[in-house]
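Report on the following structure.
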2 protein chains.
Amino acid sequence: MEKANKIKGGDVREASRLIRNLEDSIPEAKSTIKHIFHFTGHAQVIGITGSPGAGKSTLVDGLIEWSRKKGKTVGVLAVDPTSPFTGGAILGDRIRMQRHAEDPGVFVRSLATRGSLGGLSKAVGDAIHIMDAMGKDVILVETVGTGQQEVEIINHAHTVLVVLVPGMGDEIQAIKAGIMEIADIFVINKADREGTGKLQRELMAMLDMSPIKPGGWRPPIIKIGNAFEPSEFEKGLDELTTKVLDHLEHLVKSNLIGDRVRRKTTHELNEALRAAILEPVLKVLVSTGELDRMIDQLLKKETDPYSIAEEVQKKYLQGCI
Amino acid sequence: MEKANKIKGGDVREASRLIRNLEDSIPEAKSTIKHIFHFTGHAQVIGITGSPGAGKSTLVDGLIEWSRKKGKTVGVLAVDPTSPFTGGAILGDRIRMQRHAEDPGVFVRSLATRGSLGGLSKAVGDAIHIMDAMGKDVILVETVGTGQQEVEIINHAHTVLVVLVPGMGDEIQAIKAGIMEIADIFVINKADREGTGKLQRELMAMLDMSPIKPGGWRPPIIKIGNAFEPSEFEKGLDELTTKVLDHLEHLVKSNLIGDRVRRKTTHELNEALRAAILEPVLKVLVSTGELDRMIDQLLKKETDPYSIAEEVQKKYLQGCI
């Protein structure tokens with residue numbers, strides 16, 4: 001409780017430690033996060049996703065700048081859904097953000113998977129809650145890639161930006177598949193490059209074919225110029241931030257914000273249930289050596305995974321089979 | 001049992017139906033797959049992964065051709081870890097493969113997620129078992145993307161090809177993260193393009209820095225030319241297939257094949273346990289309306305997900321908490 005109160009007071013060290021402990025699944029962290037929940041629900045959460053090299057970090061940097069100018073405090077969560085040992089390379093991209101390191105109104109943390117995807121999503125949700133409890137007004141969640149994992153992580157955001165760059169070939173194929181449903185705003189980054197018009201036309205054609213979103217929101221397409229040409233970049237960024245605010249207003253006016261929060265909460269509960277129901281069973285099987293014996297049986301083809309799973313179910317589940 | 005025997009006899013219709021039923025989680029399919037397991041363990045499974053547009057399907061097509069020339073039967077599993085409604089676009093890429101449609105020695109199926117990632121991985125494993133039981137000598141598993149999901153799906157393969165194309169910008173960043181550990185062979189596709197040398201040098205530098213793989217295998221880098229220039233393409237393909245055979249021989253000689261099979265079996269058992277332990281609890285919570293009530297409590301901030309999960313755990317788990 002004391003730790004939760006410290007975090008509510010904005011204690012950076014306590015918050016950082018809690019995020020790290022949650023990432024490492026340290027049991028003690030769970031009791032702190034329980035108290036955190038009551039302090040949450042105030043931040044505006046913006047998800048930023050797209051392929052590696054799409055310029056997400058530059059965009060995040062621009063959004064930090066903009067938020068600070070408006071007097072808002074910012075939390076940034078950089079999610080790297082890949083192996084931790086390569087974290088260095090990814091973090092290199094984020095050097096740009098370092099210029100906010102001295103600003104007490106900006107709190108930047110990165111998260112990597114230490115196990116399952118489900119675990120990552122849970123850690124992301126909890127880290128957002130922590131930043132929310134700290135009183136951050138805007139939380140920017142940056143994720144790499146365009147797969148199922150983003151679709152999951154995005155459950156935590158109010159507004160989702162999908163960042164694209166021209167000339168990535170068949171990337172549009174990957175976007176079609178999965179990302180269309182989650183994008184609230186499309187950003188074409190590095191829009192001074194060849195292929196910008198083509199990409200924009202393709203996106204528009206896809207939007208024409210897509211089912212209309214709840215409340216009639218049609219994801220706008222914002223073009224942002226090269227970050228090395230400040231005036232062009234800022235023009236695009238201005239347009240983007242206006243649309244981000246429009247989208248939030250749209251969610252509130254059409255009562256959709258409630259749906260988003262409900263979806264996010266449902267997702268979070270599912271993750272917590274997975275950890276509480278499945279993991280204890282696996283732990284027992286591992287610690288007793290039972291799992292190894294089962295695998296040996298399978299390798300000898302004495303049985304099959306489904307039959308084993310049914311036995312485990314009978315032994316450890318009650319009242320629902 | 002009768003169905004399992006039909007599939008063992010190579011019955012395409014029965015096999016297709018079983019794959020579809022497993023994908024749709026039709027309970028009856030489970031009892032058939034139980035009998036399938038005893039007929040498996042003979043096929044050589046090759047995973048092919050890489051970004052959209054990297055030319056994976058062209059490569060798969062080439063590998064089918066090569067296998068057929070060697071008198072081997074082939075199963076192809078195209079995995080689309082994204083939303084099903086866009087399946088059409090992805091399948092369009094596979095038109096090339098259609099020329100094998102009349103060949104009874106080639107069995108092509110695609111799988112899409114109908115739910116969780118875990119579910120997809122399970123369906124992939126089962127579909128491989130079905131093709132294996134049918135007597136296919138070589139099974140090619142093609143997956144899109146370079147995220148955590150590939151790392152999981154790849155648990156099913158003996159040899160993993162990671163396909164790259166020059167000029168994809170910072171894609172190498174994404175490869176560094178996660179894919180390095182799973183690649184047994186790198187393929188630079190469309191190697192007539194500018195940037196091939198640079199990509200090759202980057203890969204070699206990365207390999208130099210990576211920990212040595214079990215048994216001392218250093219992933220070779222194979223360059224394959226444009227598919228529209230048959231002689232160039234075939235030269236590269238020949239080199240690739242030689243390396244694929246080398247890798248299999250390496251696995252056998254260094255006794256690593258046992259490790260791979262064990263890893264695959266462990267992964268499969270984990271998936272089966274997830275389905276048997278977690279899903280029944282969720283089903284009860286949904287059907288009784290309990291889950292909705294819990295979410296309402298969370299939205300009112302009367303409690304937190306961890307506390308709810310602990311209550312559910314106490315109610316439905318036995319003997320392991």
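By convention here, the chains of the structure tokens are called A, B, ... in the order presented, each chain's residues are numbered starting at 1, and ligands are numbered starting at 1 in the order presented.
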Just asking: which residues within segment 1-108 of chain B are strand (DSSP E or B) according to DSSP, as a ChimeraX atom specification? /B:44-50,74-80,106-108
Output of the above residues as a PDB file, in the first residue's frame, restricted to C-alpha atoms:
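Written file, selection.pdb:
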```pdb
ATOM      1  CA  GLN B  44      11.024 -34.080 -42.889  1.00  0.00           C
ATOM      2  CA  VAL B  45       9.511 -30.764 -41.796  1.00  0.00           C
ATOM      3  CA  ILE B  46      10.948 -27.553 -43.255  1.00  0.00           C
ATOM      4  CA  GLY B  47       9.798 -24.162 -41.960  1.00  0.00           C
ATOM      5  CA  ILE B  48       9.992 -21.154 -44.272  1.00  0.00           C
ATOM      6  CA  THR B  49       9.581 -17.750 -42.659  1.00  0.00           C
ATOM      7  CA  GLY B  50      10.207 -14.106 -43.554  1.00  0.00           C
ATOM      8  CA  VAL B  74       4.998 -33.184 -50.368  1.00  0.00           C
ATOM      9  CA  GLY B  75       2.654 -31.530 -47.898  1.00  0.00           C
ATOM     10  CA  VAL B  76       2.473 -27.738 -47.848  1.00  0.00           C
ATOM     11  CA  LEU B  77       1.009 -25.789 -44.968  1.00  0.00           C
ATOM     12  CA  ALA B  78       0.589 -22.046 -45.511  1.00  0.00           C
ATOM     13  CA  VAL B  79       0.085 -20.353 -42.157  1.00  0.00           C
ATOM     14  CA  ASP B  80      -1.498 -16.945 -42.026  1.00  0.00           C
ATOM     15  CA  VAL B 106       1.275 -32.708 -53.444  1.00  0.00           C
ATOM     16  CA  PHE B 107      -1.177 -31.724 -50.696  1.00  0.00           C
ATOM     17  CA  VAL B 108      -1.548 -27.988 -50.040  1.00  0.00           C
TER      18      VAL B 108
END
```
Tell me which protein, DNA and RNA residues are within 10 Å of segment 209-214 of chain A, counting only C-alpha atoms, leaving out same-chain ones fewer than 5 positions away, and put them as an mmCIF file with C-alpha atoms, in the first residue's frame.
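Done, and the output landed in result25.cif:
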```cif
data_model
loop_
_atom_site.group_PDB
_atom_site.id
_atom_site.type_symbol
_atom_site.label_atom_id
_atom_site.label_comp_id
_atom_site.auth_asym_id
_atom_site.auth_seq_id
_atom_site.Cartn_x
_atom_site.Cartn_y
_atom_site.Cartn_z
ATOM 1 C CA LYS A 176 -4.465 -5.730 -44.901
ATOM 2 C CA MET A 180 -7.015 -2.672 -40.697
ATOM 3 C CA GLU A 181 -9.411 -3.453 -37.862
ATOM 4 C CA ILE A 182 -7.273 -1.835 -35.211
ATOM 5 C CA ASP A 184 -7.783 4.524 -35.839
ATOM 6 C CA LEU A 203 -4.863 2.629 -48.163
ATOM 7 C CA MET A 204 -7.877 4.600 -49.346
ATOM 8 C CA PRO A 219 -9.437 6.331 -40.144
ATOM 9 C CA LEU A 251 -14.948 8.144 -28.676
ATOM 10 C CA SER A 254 -20.368 8.413 -29.456
ATOM 11 C CA LEU A 256 -17.482 4.311 -27.562
#
```
Distance atom CA of Leu269 of chain B-atom CA of Ala123 of chain A, one decimal place? 25.1 Å
So how many Å separate atom CA of Ala4 of chain B and atom CA of Ile277 of chain B, to one decimal?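 So the answer is 25.9 Å.
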Please report the interatomic distance between atom CA of Ile308 of chain B and atom CA of Ser25 of chain A in Å with one decimal.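 The value is 18.0 Å.
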Select, from B:Thr266, B:Thr303, B:Ala29, B:Leu199, the residue with the minimum atom-to-atom distance to Leu291 of chain A, counting only C-alpha atoms. B:Thr266
I want to know what sits within 12 Å of Ile295 of chain A, based on only C-alpha atoms, with residues of the same chain fewer than 5 positions away left out; could you give that as a list in words?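 My reading of the contact set: Leu285, Val286, Gly289, Glu290, Lys300, Lys301, Glu302, Thr303, Asp304, Pro305, Ile308 and Ala309 of chain A; Asp259, Val261, Arg262, Arg263, Lys264, Thr265, Thr266, His267, Glu268, Leu269 and Asn270 of chain B.
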Output of the above residues as a PDB file, in the first residue's frame, restricted to N, CA and C atoms:
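The result, stored in part.pdb:
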```
ATOM      1  N   LEU A 285       3.627 -29.754 -12.472  1.00  0.00           N
ATOM      2  CA  LEU A 285       4.068 -30.803 -13.401  1.00  0.00           C
ATOM      3  C   LEU A 285       5.580 -30.744 -13.603  1.00  0.00           C
ATOM      4  N   VAL A 286       6.104 -29.533 -13.651  1.00  0.00           N
ATOM      5  CA  VAL A 286       7.549 -29.384 -13.849  1.00  0.00           C
ATOM      6  C   VAL A 286       8.306 -29.803 -12.588  1.00  0.00           C
ATOM      7  N   GLY A 289       8.591 -33.447 -11.849  1.00  0.00           N
ATOM      8  CA  GLY A 289       9.194 -34.266 -12.911  1.00  0.00           C
ATOM      9  C   GLY A 289       8.156 -34.981 -13.766  1.00  0.00           C
ATOM     10  N   GLU A 290       6.864 -34.714 -13.460  1.00  0.00           N
ATOM     11  CA  GLU A 290       5.787 -35.376 -14.201  1.00  0.00           C
ATOM     12  C   GLU A 290       5.806 -34.981 -15.685  1.00  0.00           C
ATOM     13  N   LYS A 300       7.849 -41.953 -27.077  1.00  0.00           N
ATOM     14  CA  LYS A 300       7.743 -43.392 -27.372  1.00  0.00           C
ATOM     15  C   LYS A 300       6.425 -43.715 -28.071  1.00  0.00           C
ATOM     16  N   LYS A 301       5.627 -42.681 -28.305  1.00  0.00           N
ATOM     17  CA  LYS A 301       4.303 -42.837 -28.925  1.00  0.00           C
ATOM     18  C   LYS A 301       3.401 -43.802 -28.160  1.00  0.00           C
ATOM     19  N   GLU A 302       3.562 -43.816 -26.831  1.00  0.00           N
ATOM     20  CA  GLU A 302       2.689 -44.640 -25.998  1.00  0.00           C
ATOM     21  C   GLU A 302       1.335 -43.972 -25.796  1.00  0.00           C
ATOM     22  N   THR A 303       1.314 -42.670 -26.012  1.00  0.00           N
ATOM     23  CA  THR A 303       0.057 -41.944 -25.839  1.00  0.00           C
ATOM     24  C   THR A 303       0.102 -40.695 -26.720  1.00  0.00           C
ATOM     25  N   ASP A 304      -0.879 -39.796 -26.567  1.00  0.00           N
ATOM     26  CA  ASP A 304      -0.916 -38.569 -27.364  1.00  0.00           C
ATOM     27  C   ASP A 304      -1.180 -37.382 -26.450  1.00  0.00           C
ATOM     28  N   PRO A 305      -0.849 -36.162 -26.884  1.00  0.00           N
ATOM     29  CA  PRO A 305      -0.974 -34.985 -26.002  1.00  0.00           C
ATOM     30  C   PRO A 305      -2.389 -34.769 -25.470  1.00  0.00           C
ATOM     31  N   ILE A 308      -3.164 -37.104 -22.514  1.00  0.00           N
ATOM     32  CA  ILE A 308      -2.444 -36.645 -21.319  1.00  0.00           C
ATOM     33  C   ILE A 308      -3.132 -35.419 -20.724  1.00  0.00           C
ATOM     34  N   ALA A 309      -3.475 -34.464 -21.589  1.00  0.00           N
ATOM     35  CA  ALA A 309      -4.101 -33.226 -21.120  1.00  0.00           C
ATOM     36  C   ALA A 309      -5.420 -33.522 -20.405  1.00  0.00           C
TER      37      ALA A 309
ATOM     38  N   ASP B 259      16.791 -33.795 -29.868  1.00  0.00           N
ATOM     39  CA  ASP B 259      16.476 -32.558 -29.148  1.00  0.00           C
ATOM     40  C   ASP B 259      15.333 -31.807 -29.825  1.00  0.00           C
ATOM     41  N   VAL B 261      12.994 -32.994 -31.786  1.00  0.00           N
ATOM     42  CA  VAL B 261      11.727 -33.713 -31.644  1.00  0.00           C
ATOM     43  C   VAL B 261      11.196 -33.531 -30.219  1.00  0.00           C
ATOM     44  N   ARG B 262      12.098 -33.544 -29.256  1.00  0.00           N
ATOM     45  CA  ARG B 262      11.683 -33.368 -27.869  1.00  0.00           C
ATOM     46  C   ARG B 262      11.091 -31.968 -27.649  1.00  0.00           C
ATOM     47  N   ARG B 263      11.745 -30.983 -28.234  1.00  0.00           N
ATOM     48  CA  ARG B 263      11.266 -29.604 -28.107  1.00  0.00           C
ATOM     49  C   ARG B 263       9.869 -29.461 -28.713  1.00  0.00           C
ATOM     50  N   LYS B 264       9.725 -30.061 -29.861  1.00  0.00           N
ATOM     51  CA  LYS B 264       8.445 -30.030 -30.564  1.00  0.00           C
ATOM     52  C   LYS B 264       7.351 -30.703 -29.740  1.00  0.00           C
ATOM     53  N   THR B 265       7.686 -31.845 -29.156  1.00  0.00           N
ATOM     54  CA  THR B 265       6.717 -32.590 -28.352  1.00  0.00           C
ATOM     55  C   THR B 265       6.341 -31.802 -27.098  1.00  0.00           C
ATOM     56  N   THR B 266       7.337 -31.176 -26.475  1.00  0.00           N
ATOM     57  CA  THR B 266       7.087 -30.374 -25.275  1.00  0.00           C
ATOM     58  C   THR B 266       6.127 -29.230 -25.589  1.00  0.00           C
ATOM     59  N   HIS B 267       6.410 -28.569 -26.700  1.00  0.00           N
ATOM     60  CA  HIS B 267       5.582 -27.460 -27.137  1.00  0.00           C
ATOM     61  C   HIS B 267       4.136 -27.919 -27.342  1.00  0.00           C
ATOM     62  N   GLU B 268       3.995 -29.054 -27.975  1.00  0.00           N
ATOM     63  CA  GLU B 268       2.681 -29.602 -28.276  1.00  0.00           C
ATOM     64  C   GLU B 268       1.913 -29.940 -27.002  1.00  0.00           C
ATOM     65  N   LEU B 269       2.622 -30.530 -26.053  1.00  0.00           N
ATOM     66  CA  LEU B 269       1.981 -30.882 -24.786  1.00  0.00           C
ATOM     67  C   LEU B 269       1.530 -29.616 -24.061  1.00  0.00           C
ATOM     68  N   ASN B 270       2.364 -28.584 -24.083  1.00  0.00           N
ATOM     69  CA  ASN B 270       1.988 -27.321 -23.450  1.00  0.00           C
ATOM     70  C   ASN B 270       0.701 -26.755 -24.045  1.00  0.00           C
TER      71      ASN B 270
END
```
Write out as a list in words the residues lying within 8 Å of segment 234-239 of chain B, counting only C-alpha atoms and excluding same-chain residues fewer than 4 positions away. Leu59, Gly62, Leu63, Ile222, Lys223, Ile224, Gly225, Pro230 and Lys243 of chain B
Limited to C-alpha atoms, could you put the picked residues into a file as a JSON list (two decimals), in the first residue's frame?
```json
[["chain", "number", "residue", "atom", "x", "y", "z"],
["B", 59, "LEU", "CA", 10.64, -20.55, -52.87],
["B", 62, "GLY", "CA", 10.66, -24.37, -56.07],
["B", 63, "LEU", "CA", 11.02, -26.76, -53.14],
["B", 222, "ILE", "CA", 22.14, -18.82, -49.82],
["B", 223, "LYS", "CA", 21.52, -16.26, -52.56],
["B", 224, "ILE", "CA", 18.68, -16.97, -54.98],
["B", 225, "GLY", "CA", 18.19, -14.95, -58.16],
["B", 230, "PRO", "CA", 14.96, -19.75, -64.49],
["B", 243, "LYS", "CA", 22.16, -27.21, -47.60]]
```
Here is a test: counting only C-alpha atoms, which residue of B:Pro27, B:Gly258, B:Pro220, B:Gly9 is nearest to Leu207 of chain B?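 For Leu207 of chain B, the nearest of the candidates is B:Pro220.
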Met131 of chain B: which residues within 9 Å, counting only C-alpha atoms, same-chain residues fewer than 5 positions away excluded, as a PyMOL selection string? chain B and resi 7-8+10+15+40+43+74-76+107+126+136-137+139
For the residues in that selection, give me C-alpha atoms as a PDB file, in the first residue's frame.
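See selection_17.pdb below for the written result:
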```pdb
ATOM      1  CA  ILE B   7      -5.896 -40.669 -43.511  1.00  0.00           C
ATOM      2  CA  LYS B   8      -3.004 -43.086 -43.117  1.00  0.00           C
ATOM      3  CA  GLY B  10      -3.661 -40.978 -47.941  1.00  0.00           C
ATOM      4  CA  ALA B  15      -7.478 -35.286 -44.199  1.00  0.00           C
ATOM      5  CA  THR B  40       3.654 -39.974 -37.339  1.00  0.00           C
ATOM      6  CA  ALA B  43       8.283 -36.672 -42.508  1.00  0.00           C
ATOM      7  CA  VAL B  74       4.998 -33.184 -50.368  1.00  0.00           C
ATOM      8  CA  GLY B  75       2.654 -31.530 -47.898  1.00  0.00           C
ATOM      9  CA  VAL B  76       2.473 -27.738 -47.848  1.00  0.00           C
ATOM     10  CA  PHE B 107      -1.177 -31.724 -50.696  1.00  0.00           C
ATOM     11  CA  ASP B 126      -1.873 -31.139 -35.760  1.00  0.00           C
ATOM     12  CA  LYS B 136       4.117 -37.162 -47.035  1.00  0.00           C
ATOM     13  CA  ASP B 137       7.925 -37.314 -47.162  1.00  0.00           C
ATOM     14  CA  ILE B 139       6.302 -31.012 -45.250  1.00  0.00           C
TER      15      ILE B 139
END
```
Do you know which residues are at most 7 Å from Ala54 of chain A counting only C-alpha atoms, after dropping those on the same chain fewer than 5 positions away, and could you put them as a ChimeraX atom specification? /A:163-165,189
Skipping near chain neighbours, those fewer than 4 positions away, what residues fall within 12 Å of Glu65 of chain A using only C-alpha atoms, listed as a CSV table (one decimal) with C-alpha atoms, in the first residue's frame?
```csv
chain,number,residue,atom,x,y,z
A,58,THR,CA,10.7,9.7,-34.4
A,59,LEU,CA,7.0,10.0,-34.2
A,60,VAL,CA,6.9,9.2,-30.5
A,61,ASP,CA,9.5,11.8,-30.0
A,69,LYS,CA,4.2,22.0,-25.0
A,70,LYS,CA,0.5,21.6,-24.0
A,71,GLY,CA,1.7,21.2,-20.4
A,72,LYS,CA,0.8,17.5,-20.3
A,73,THR,CA,3.0,14.9,-18.5
A,74,VAL,CA,3.9,11.9,-20.6
A,96,ARG,CA,16.6,10.5,-30.0
A,97,MET,CA,14.2,10.2,-27.1
A,99,ARG,CA,16.8,14.4,-24.9
A,100,HIS,CA,13.7,14.1,-22.7
A,103,ASP,CA,12.5,16.3,-18.1
A,105,GLY,CA,7.4,15.3,-16.9
A,106,VAL,CA,8.5,12.5,-19.2
A,138,VAL,CA,-0.7,10.9,-22.0
A,234,GLU,CA,6.0,19.7,-37.7
A,237,LEU,CA,2.7,16.3,-36.7
A,238,ASP,CA,0.2,19.2,-36.1
A,241,THR,CA,-2.2,15.6,-33.1
```
